[in-house]
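This is data_21.cif (mmCIF, C-alpha atoms and all ligand atoms).
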```
data_work
#
loop_
_atom_site.group_PDB
_atom_site.id
_atom_site.type_symbol
_atom_site.label_atom_id
_atom_site.label_comp_id
_atom_site.auth_asym_id
_atom_site.auth_seq_id
_atom_site.Cartn_x
_atom_site.Cartn_y
_atom_site.Cartn_z
ATOM 1 C CA MET P 5 13.732 -1.572 5.773
ATOM 2 C CA PHE P 6 12.295 1.939 5.574
ATOM 3 C CA ALA P 7 9.733 2.351 2.774
ATOM 4 C CA ILE P 8 7.123 4.852 1.672
ATOM 5 C CA ALA P 9 3.912 3.544 0.104
ATOM 6 C CA LEU P 10 2.537 6.266 -2.165
ATOM 7 C CA ASP P 11 -0.903 5.738 -3.652
ATOM 8 C CA GLY P 12 -3.485 7.894 -5.350
ATOM 9 C CA PRO P 13 -5.488 8.469 -8.528
ATOM 10 C CA ALA P 14 -4.130 9.203 -12.012
ATOM 11 C CA GLY P 15 -2.719 12.697 -12.416
ATOM 12 C CA ALA P 16 -2.327 13.475 -8.695
ATOM 13 C CA GLY P 17 1.378 14.113 -9.308
ATOM 14 C CA LYS P 18 2.700 10.972 -7.633
ATOM 15 C CA SER P 19 5.612 10.337 -9.966
ATOM 16 C CA THR P 20 6.818 13.963 -10.093
ATOM 17 C CA VAL P 21 6.591 14.389 -6.346
ATOM 18 C CA ALA P 22 8.060 10.964 -5.552
ATOM 19 C CA LYS P 23 11.045 11.500 -7.858
ATOM 20 C CA MET P 24 11.855 14.835 -6.249
ATOM 21 C CA ALA P 25 11.512 13.431 -2.732
ATOM 22 C CA ALA P 26 13.477 10.235 -3.513
ATOM 23 C CA THR P 27 16.483 12.232 -4.694
ATOM 24 C CA ARG P 28 16.474 14.357 -1.559
ATOM 25 C CA LEU P 29 16.004 11.381 0.764
ATOM 26 C CA GLY P 30 18.511 9.133 -1.018
ATOM 27 C CA MET P 31 15.776 6.594 -1.651
ATOM 28 C CA HIS P 32 14.862 4.541 -4.677
ATOM 29 C CA TYR P 33 11.841 5.666 -6.709
ATOM 30 C CA VAL P 34 9.754 2.714 -7.920
ATOM 31 C CA ASP P 35 6.993 3.401 -10.464
ATOM 32 C CA THR P 36 4.671 0.379 -10.415
ATOM 33 C CA GLY P 37 2.332 1.919 -13.014
ATOM 34 C CA ALA P 38 5.198 1.612 -15.539
ATOM 35 C CA MET P 39 5.294 -2.140 -14.897
ATOM 36 C CA TYR P 40 1.571 -2.523 -15.638
ATOM 37 C CA ARG P 41 1.976 -0.248 -18.654
ATOM 38 C CA THR P 42 4.791 -2.399 -20.026
ATOM 39 C CA LEU P 43 2.600 -5.494 -19.925
ATOM 40 C CA ALA P 44 -0.287 -3.629 -21.588
ATOM 41 C CA TYR P 45 1.988 -2.170 -24.260
ATOM 42 C CA ASP P 46 3.222 -5.607 -25.249
ATOM 43 C CA MET P 47 -0.312 -7.001 -25.375
ATOM 44 C CA LEU P 48 -1.587 -4.150 -27.542
ATOM 45 C CA ARG P 49 1.099 -4.614 -30.134
ATOM 46 C CA ARG P 50 0.552 -8.353 -30.177
ATOM 47 C CA HIS P 51 -3.188 -7.752 -30.655
ATOM 48 C CA VAL P 52 -4.173 -9.687 -27.562
ATOM 49 C CA ASP P 53 -7.886 -9.360 -26.832
ATOM 50 C CA ILE P 54 -7.421 -7.482 -23.541
ATOM 51 C CA GLY P 55 -11.125 -7.742 -22.727
ATOM 52 C CA ARG P 56 -10.623 -11.486 -22.167
ATOM 53 C CA GLU P 57 -8.937 -12.566 -18.988
ATOM 54 C CA ASP P 58 -7.918 -16.000 -20.319
ATOM 55 C CA GLU P 59 -6.210 -14.441 -23.359
ATOM 56 C CA VAL P 60 -4.392 -11.951 -21.158
ATOM 57 C CA ALA P 61 -3.283 -14.697 -18.759
ATOM 58 C CA ARG P 62 -1.953 -16.733 -21.676
ATOM 59 C CA ALA P 63 -0.096 -13.740 -23.135
ATOM 60 C CA LEU P 64 1.517 -13.021 -19.763
ATOM 61 C CA GLU P 65 3.420 -16.293 -19.893
ATOM 62 C CA GLN P 66 5.302 -15.033 -22.957
ATOM 63 C CA ILE P 67 6.339 -11.683 -21.513
ATOM 64 C CA ARG P 68 9.768 -11.138 -20.058
ATOM 65 C CA ILE P 69 9.550 -7.806 -18.252
ATOM 66 C CA ARG P 70 12.814 -6.339 -16.943
ATOM 67 C CA ILE P 71 13.530 -3.262 -14.867
ATOM 68 C CA VAL P 72 16.859 -1.461 -14.829
ATOM 69 C CA TYR P 73 17.684 1.362 -12.417
ATOM 70 C CA ASP P 74 19.991 3.866 -13.947
ATOM 71 C CA GLU P 75 20.916 6.784 -11.668
ATOM 72 C CA ASN P 76 17.490 6.448 -10.057
ATOM 73 C CA VAL P 77 15.704 6.479 -13.413
ATOM 74 C CA GLN P 78 13.540 3.415 -13.835
ATOM 75 C CA ARG P 79 13.973 1.995 -17.321
ATOM 76 C CA MET P 80 11.555 -0.645 -18.593
ATOM 77 C CA PHE P 81 12.479 -3.468 -20.960
ATOM 78 C CA LEU P 82 10.689 -6.263 -22.763
ATOM 79 C CA GLY P 83 13.472 -8.771 -23.099
ATOM 80 C CA GLU P 84 16.339 -6.698 -24.515
ATOM 81 C CA GLU P 85 14.122 -3.995 -25.982
ATOM 82 C CA GLU P 86 13.743 -0.726 -24.099
ATOM 83 C CA VAL P 87 10.159 0.605 -23.950
ATOM 84 C CA THR P 88 10.496 3.280 -21.224
ATOM 85 C CA ASP P 89 9.129 6.123 -23.384
ATOM 86 C CA ARG P 90 6.757 4.136 -25.568
ATOM 87 C CA ILE P 91 4.504 3.144 -22.665
ATOM 88 C CA ARG P 92 3.594 6.804 -21.950
ATOM 89 C CA THR P 93 0.630 7.250 -24.267
ATOM 90 C CA PRO P 94 -3.055 7.695 -23.391
ATOM 91 C CA GLN P 95 -3.882 4.516 -25.366
ATOM 92 C CA VAL P 96 -1.451 2.454 -23.302
ATOM 93 C CA GLY P 97 -2.814 4.099 -20.118
ATOM 94 C CA GLU P 98 -6.358 3.023 -21.011
ATOM 95 C CA ALA P 99 -5.340 -0.536 -21.855
ATOM 96 C CA THR P 100 -3.329 -0.691 -18.632
ATOM 97 C CA SER P 101 -6.336 0.172 -16.544
ATOM 98 C CA THR P 102 -8.251 -2.620 -18.336
ATOM 99 C CA ILE P 103 -5.695 -5.392 -17.737
ATOM 100 C CA ALA P 104 -4.869 -4.219 -14.195
ATOM 101 C CA VAL P 105 -8.180 -5.730 -12.997
ATOM 102 C CA TYR P 106 -7.048 -9.311 -13.686
ATOM 103 C CA ARG P 107 -5.663 -11.541 -10.936
ATOM 104 C CA ALA P 108 -2.921 -13.072 -13.117
ATOM 105 C CA VAL P 109 -1.598 -9.631 -14.015
ATOM 106 C CA ARG P 110 -1.475 -8.446 -10.405
ATOM 107 C CA ASP P 111 0.090 -11.683 -9.203
ATOM 108 C CA LYS P 112 2.849 -11.416 -11.784
ATOM 109 C CA LEU P 113 3.901 -8.013 -10.453
ATOM 110 C CA LEU P 114 3.319 -8.496 -6.724
ATOM 111 C CA ALA P 115 6.463 -10.511 -6.001
ATOM 112 C CA LEU P 116 8.574 -8.263 -8.225
ATOM 113 C CA GLN P 117 7.441 -5.195 -6.285
ATOM 114 C CA ARG P 118 7.929 -6.766 -2.864
ATOM 115 C CA ASP P 119 11.419 -7.927 -3.812
ATOM 116 C CA LEU P 120 12.414 -4.381 -4.758
ATOM 117 C CA ALA P 121 11.339 -3.152 -1.324
ATOM 118 C CA LYS P 122 13.519 -5.831 0.283
ATOM 119 C CA GLU P 123 16.540 -4.783 -1.727
ATOM 120 C CA TYR P 124 16.267 -0.985 -1.503
ATOM 121 C CA GLU P 125 14.718 1.771 0.587
ATOM 122 C CA VAL P 126 11.878 2.660 -1.750
ATOM 123 C CA ILE P 127 9.261 5.257 -2.422
ATOM 124 C CA MET P 128 6.840 3.031 -4.258
ATOM 125 C CA ASP P 129 4.168 4.712 -6.344
ATOM 126 C CA GLY P 130 0.959 2.897 -7.334
ATOM 127 C CA ARG P 131 -2.652 2.216 -6.414
ATOM 128 C CA ASP P 132 -2.503 -0.660 -3.916
ATOM 129 C CA ILE P 133 0.927 -0.242 -2.338
ATOM 130 C CA GLY P 134 -0.263 0.725 1.148
ATOM 131 C CA THR P 135 -3.175 -1.727 1.149
ATOM 132 C CA THR P 136 -1.717 -4.806 -0.562
ATOM 133 C CA ILE P 137 1.931 -4.699 -1.629
ATOM 134 C CA LEU P 138 3.583 -3.137 1.441
ATOM 135 C CA PRO P 139 0.922 -3.209 4.176
ATOM 136 C CA ASP P 140 3.634 -2.777 6.833
ATOM 137 C CA ALA P 141 5.310 0.253 5.262
ATOM 138 C CA PRO P 142 6.336 2.692 8.035
ATOM 139 C CA LEU P 143 4.916 5.621 6.034
ATOM 140 C CA LYS P 144 1.869 5.570 3.780
ATOM 141 C CA VAL P 145 0.751 8.609 1.865
ATOM 142 C CA TYR P 146 -2.362 9.007 -0.265
ATOM 143 C CA LEU P 147 -1.722 11.759 -2.774
ATOM 144 C CA THR P 148 -4.765 13.244 -4.387
ATOM 145 C CA ALA P 149 -6.215 16.357 -6.051
ATOM 146 C CA ASP P 150 -9.617 17.149 -7.471
ATOM 147 C CA ALA P 151 -10.405 15.563 -10.833
ATOM 148 C CA LYS P 152 -10.556 18.873 -12.739
ATOM 149 C CA GLN P 153 -7.134 19.880 -11.506
ATOM 150 C CA ARG P 154 -5.686 16.455 -12.327
ATOM 151 C CA GLY P 155 -7.255 16.653 -15.785
ATOM 152 C CA ARG P 156 -5.702 20.086 -16.317
ATOM 153 C CA ARG P 157 -2.238 18.803 -15.377
ATOM 154 C CA ARG P 158 -2.573 15.772 -17.674
ATOM 155 C CA PHE P 159 -3.792 18.033 -20.475
ATOM 156 C CA LEU P 160 -0.751 20.311 -20.176
ATOM 157 C CA GLU P 161 1.568 17.282 -20.328
ATOM 158 C CA LEU P 162 -0.232 15.978 -23.425
ATOM 159 C CA GLU P 163 -0.146 19.386 -25.085
ATOM 160 C CA GLU P 164 3.595 19.427 -24.716
ATOM 161 C CA LYS P 165 3.979 16.035 -26.386
ATOM 162 C CA GLU P 166 1.213 16.203 -28.987
ATOM 163 C CA PRO P 167 -0.054 19.790 -29.364
ATOM 164 C CA GLY P 168 -3.657 20.160 -30.511
ATOM 165 C CA LYS P 169 -4.505 16.455 -30.357
ATOM 166 C CA HIS P 170 -6.565 16.440 -27.155
ATOM 167 C CA THR P 171 -9.155 18.690 -25.534
ATOM 168 C CA LEU P 172 -9.297 19.627 -21.866
ATOM 169 C CA GLU P 173 -12.848 18.252 -21.483
ATOM 170 C CA GLU P 174 -11.924 14.906 -22.995
ATOM 171 C CA THR P 175 -8.839 14.651 -20.760
ATOM 172 C CA ILE P 176 -10.844 15.389 -17.599
ATOM 173 C CA GLN P 177 -13.436 12.799 -18.642
ATOM 174 C CA ALA P 178 -10.706 10.205 -19.282
ATOM 175 C CA ILE P 179 -9.302 10.839 -15.792
ATOM 176 C CA LYS P 180 -12.756 10.355 -14.255
ATOM 177 C CA ASP P 181 -13.304 7.120 -16.204
ATOM 178 C CA ARG P 182 -9.927 5.811 -15.084
ATOM 179 C CA ASP P 183 -10.683 6.668 -11.424
ATOM 180 C CA GLU P 184 -13.959 4.830 -11.724
ATOM 181 C CA ARG P 185 -12.292 1.688 -13.068
ATOM 182 C CA ASP P 186 -9.321 1.773 -10.687
ATOM 183 C CA MET P 187 -11.501 2.334 -7.610
ATOM 184 C CA ASN P 188 -14.210 -0.171 -8.411
ATOM 185 C CA ARG P 189 -12.307 -3.244 -9.506
ATOM 186 C CA GLU P 190 -12.585 -6.344 -7.359
ATOM 187 C CA ILE P 191 -8.920 -7.115 -6.763
ATOM 188 C CA ALA P 192 -6.651 -4.535 -5.106
ATOM 189 C CA PRO P 193 -8.729 -1.448 -5.956
ATOM 190 C CA LEU P 194 -7.362 2.058 -5.507
ATOM 191 C CA ARG P 195 -8.148 2.832 -1.895
ATOM 192 C CA LYS P 196 -6.576 4.875 0.852
ATOM 193 C CA ALA P 197 -5.052 2.587 3.478
ATOM 194 C CA ALA P 198 -6.602 3.165 6.916
ATOM 195 C CA ASP P 199 -3.262 4.420 8.269
ATOM 196 C CA ALA P 200 -2.295 6.565 5.254
ATOM 197 C CA ILE P 201 -1.820 10.325 5.499
ATOM 198 C CA VAL P 202 -3.790 12.235 2.855
ATOM 199 C CA LEU P 203 -1.883 14.879 0.938
ATOM 200 C CA ASP P 204 -4.216 16.936 -1.250
ATOM 201 C CA THR P 205 -2.199 18.735 -3.934
ATOM 202 C CA THR P 206 -5.077 20.621 -5.602
ATOM 203 C CA HIS P 207 -3.629 23.947 -4.495
ATOM 204 C CA MET P 208 0.033 22.926 -4.195
ATOM 205 C CA THR P 209 2.961 23.057 -6.566
ATOM 206 C CA ALA P 210 4.983 19.872 -7.063
ATOM 207 C CA GLN P 211 7.783 21.440 -5.044
ATOM 208 C CA GLN P 212 5.472 22.123 -2.097
ATOM 209 C CA ALA P 213 4.115 18.583 -2.197
ATOM 210 C CA ALA P 214 7.660 17.163 -2.348
ATOM 211 C CA ASP P 215 8.646 19.322 0.660
ATOM 212 C CA ALA P 216 5.682 17.935 2.600
ATOM 213 C CA LEU P 217 6.578 14.357 1.669
ATOM 214 C CA VAL P 218 10.224 14.813 2.659
ATOM 215 C CA GLN P 219 9.162 16.209 6.021
ATOM 216 C CA MET P 220 6.811 13.271 6.645
ATOM 217 C CA ALA P 221 9.590 10.837 5.722
ATOM 218 C CA GLN P 222 12.062 12.478 8.074
ATOM 219 C CA GLU P 223 9.553 12.320 10.905
ATOM 220 C CA ALA P 224 8.683 8.682 10.160
ATOM 221 C CA ARG P 225 12.345 7.663 9.961
ATOM 222 C CA GLY P 226 12.971 9.256 13.344
ATOM 223 C CA ARG P 227 10.125 7.374 15.004
HETATM 224 O O1 LIG P 301 0.138 5.466 -12.608
HETATM 225 P P1 LIG P 301 -0.126 5.152 -14.078
HETATM 226 O O2 LIG P 301 -0.986 6.170 -14.778
HETATM 227 O O3 LIG P 301 1.119 4.839 -14.818
HETATM 228 O O4 LIG P 301 -0.993 3.794 -14.016
HETATM 229 C C1 LIG P 301 -1.563 3.224 -15.153
HETATM 230 C C2 LIG P 301 -2.680 2.251 -14.769
HETATM 231 O O5 LIG P 301 -2.121 1.131 -14.081
HETATM 232 C C3 LIG P 301 -3.754 2.808 -13.841
HETATM 233 O O6 LIG P 301 -4.957 3.038 -14.532
HETATM 234 C C4 LIG P 301 -3.995 1.750 -12.805
HETATM 235 C C5 LIG P 301 -2.930 0.731 -13.016
HETATM 236 N N1 LIG P 301 -2.098 0.529 -11.825
HETATM 237 C C6 LIG P 301 -2.532 -0.388 -10.890
HETATM 238 O O7 LIG P 301 -3.603 -0.964 -11.065
HETATM 239 N N2 LIG P 301 -1.776 -0.659 -9.800
HETATM 240 C C7 LIG P 301 -0.605 -0.026 -9.598
HETATM 241 N N3 LIG P 301 0.114 -0.313 -8.510
HETATM 242 C C8 LIG P 301 -0.156 0.947 -10.513
HETATM 243 C C9 LIG P 301 -0.938 1.206 -11.632
#
```

Transcribe the structure of this file into structure tokens.
Ligand code: DC
Amino acid sequence: MFAIALDGPAGAGKSTVAKMAATRLGMHYVDTGAMYRTLAYDMLRRHVDIGREDEVARALEQIRIRIVYDENVQRMFLGEEEVTDRIRTPQVGEATSTIAVYRAVRDKLLALQRDLAKEYEVIMDGRDIGTTILPDAPLKVYLTADAKQRGRRRFLELEEKEPGKHTLEETIQAIKDRDERDMNREIAPLRKAADAIVLDTTHMTAQQAADALVQMAQEARGR
């Protein structure tokens, strides 16, 4: 089955670009970060000590994560409760990066992600898709941009949601801290796969990056 593995650091524009490209290519957009976020969100509200791997592993057994695709929008559920929008906060993002280092967490989501790629043609967005989840994907793209630019984009998004609550400096620093954690963890760290094409979006609009991705996909499909 044709698949695109799309990896890269926080704020590189993966989800925006992947959504645009998926619609044009008639593919399924899969946001794996949302799956990790859903687990972290549930643990935060249940006051699980996320610094402790054994506590996190125990909490995981109680979580029933569900994904529903609705006109190519990925909706996240905990049991019957929809949490799609609630997982999009900086606090949940931080906690997600903390629990994403644990083996039990990654194992829980690995099979789920591979099964989706068996069922649909996917553009799968994450950190370890090209290296670990779909190592045989016919197209792997590593989407990146410099940290200041990524921080600026994140800041503008936050300003729209919660005006005046964050500063640009603090947002750039948070992006750098997250990179550090995601790249240096032991299991499935953020890393460019050896055969991935790098797409640097520092000086590109989302539309330009989506155009480039669509072109790569068309070439890879034709191979
Ligand atoms: O892409 P995002 O901001 O929603 O991701 C949130 C966190 O989840 C990020 O800090 C790293 C982690 N993550 C991961 O470890 N592996 C993935 N495939 C996707 C996300």

Test item: the PyMOL selection byres (((chain P and resi 21-32) around 9) and not hetatm) resolved as a VMD selection string: chain P and resid 7 10 17 to 20 33 to 34 73 76 to 77 124 to 129 210 to 215 217 to 218 221 to 222

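Minimum atom-to-atom distance to ligand LIG 301 (chain P), evaluated using only C-alpha atoms and all ligand atoms, belongs to P:Arg185 out of P:His51, P:Arg118, P:Arg90, P:Arg185.
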
Environment of ligand LIG 301 (chain P) within 7 Å, counting only C-alpha atoms and all ligand atoms, reported as a VMD selection string: chain P and resid 14 36 to 38 40 to 41 97 to 98 100 to 101 104 to 105 129 to 133 182 186

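You will find CA of Glu123 in chain P at 18.3 Å from CA of Thr136 in chain P.
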
Report as an mmCIF file with C-alpha atoms, in the coordinates of the input all protein, DNA and RNA residues lying within 10 Å of Arg154 in chain P, evaluated on all atoms listed in the file, omitting residues in the same chain fewer than 3 positions from it.
```cif
data_model
loop_
_atom_site.group_PDB
_atom_site.id
_atom_site.type_symbol
_atom_site.label_atom_id
_atom_site.label_comp_id
_atom_site.auth_asym_id
_atom_site.auth_seq_id
_atom_site.Cartn_x
_atom_site.Cartn_y
_atom_site.Cartn_z
ATOM 1 C CA PRO P 13 -5.488 8.469 -8.528
ATOM 2 C CA ALA P 14 -4.130 9.203 -12.012
ATOM 3 C CA GLY P 15 -2.719 12.697 -12.416
ATOM 4 C CA ALA P 16 -2.327 13.475 -8.695
ATOM 5 C CA GLY P 17 1.378 14.113 -9.308
ATOM 6 C CA THR P 148 -4.765 13.244 -4.387
ATOM 7 C CA ALA P 149 -6.215 16.357 -6.051
ATOM 8 C CA ASP P 150 -9.617 17.149 -7.471
ATOM 9 C CA ALA P 151 -10.405 15.563 -10.833
ATOM 10 C CA ARG P 157 -2.238 18.803 -15.377
ATOM 11 C CA ARG P 158 -2.573 15.772 -17.674
ATOM 12 C CA PHE P 159 -3.792 18.033 -20.475
ATOM 13 C CA THR P 175 -8.839 14.651 -20.760
ATOM 14 C CA ILE P 176 -10.844 15.389 -17.599
ATOM 15 C CA ILE P 179 -9.302 10.839 -15.792
ATOM 16 C CA LYS P 180 -12.756 10.355 -14.255
ATOM 17 C CA THR P 205 -2.199 18.735 -3.934
ATOM 18 C CA THR P 206 -5.077 20.621 -5.602
#
```

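Rounded to one decimal, CA of Arg110 in chain P and CA of Leu43 in chain P lie 10.8 Å from each other.
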
Atomic separation - CA of Asp35 in chain P relative to CA of Asp181 in chain P, Å: 21.4 Å

All residues 8 Å or closer to range 59-71 of chain P, only C-alpha atoms, same chain fewer than 4 positions away omitted, as a ChimeraX atom specification: /P:39,42-43,46-47,52-54,78-83,103,108-109
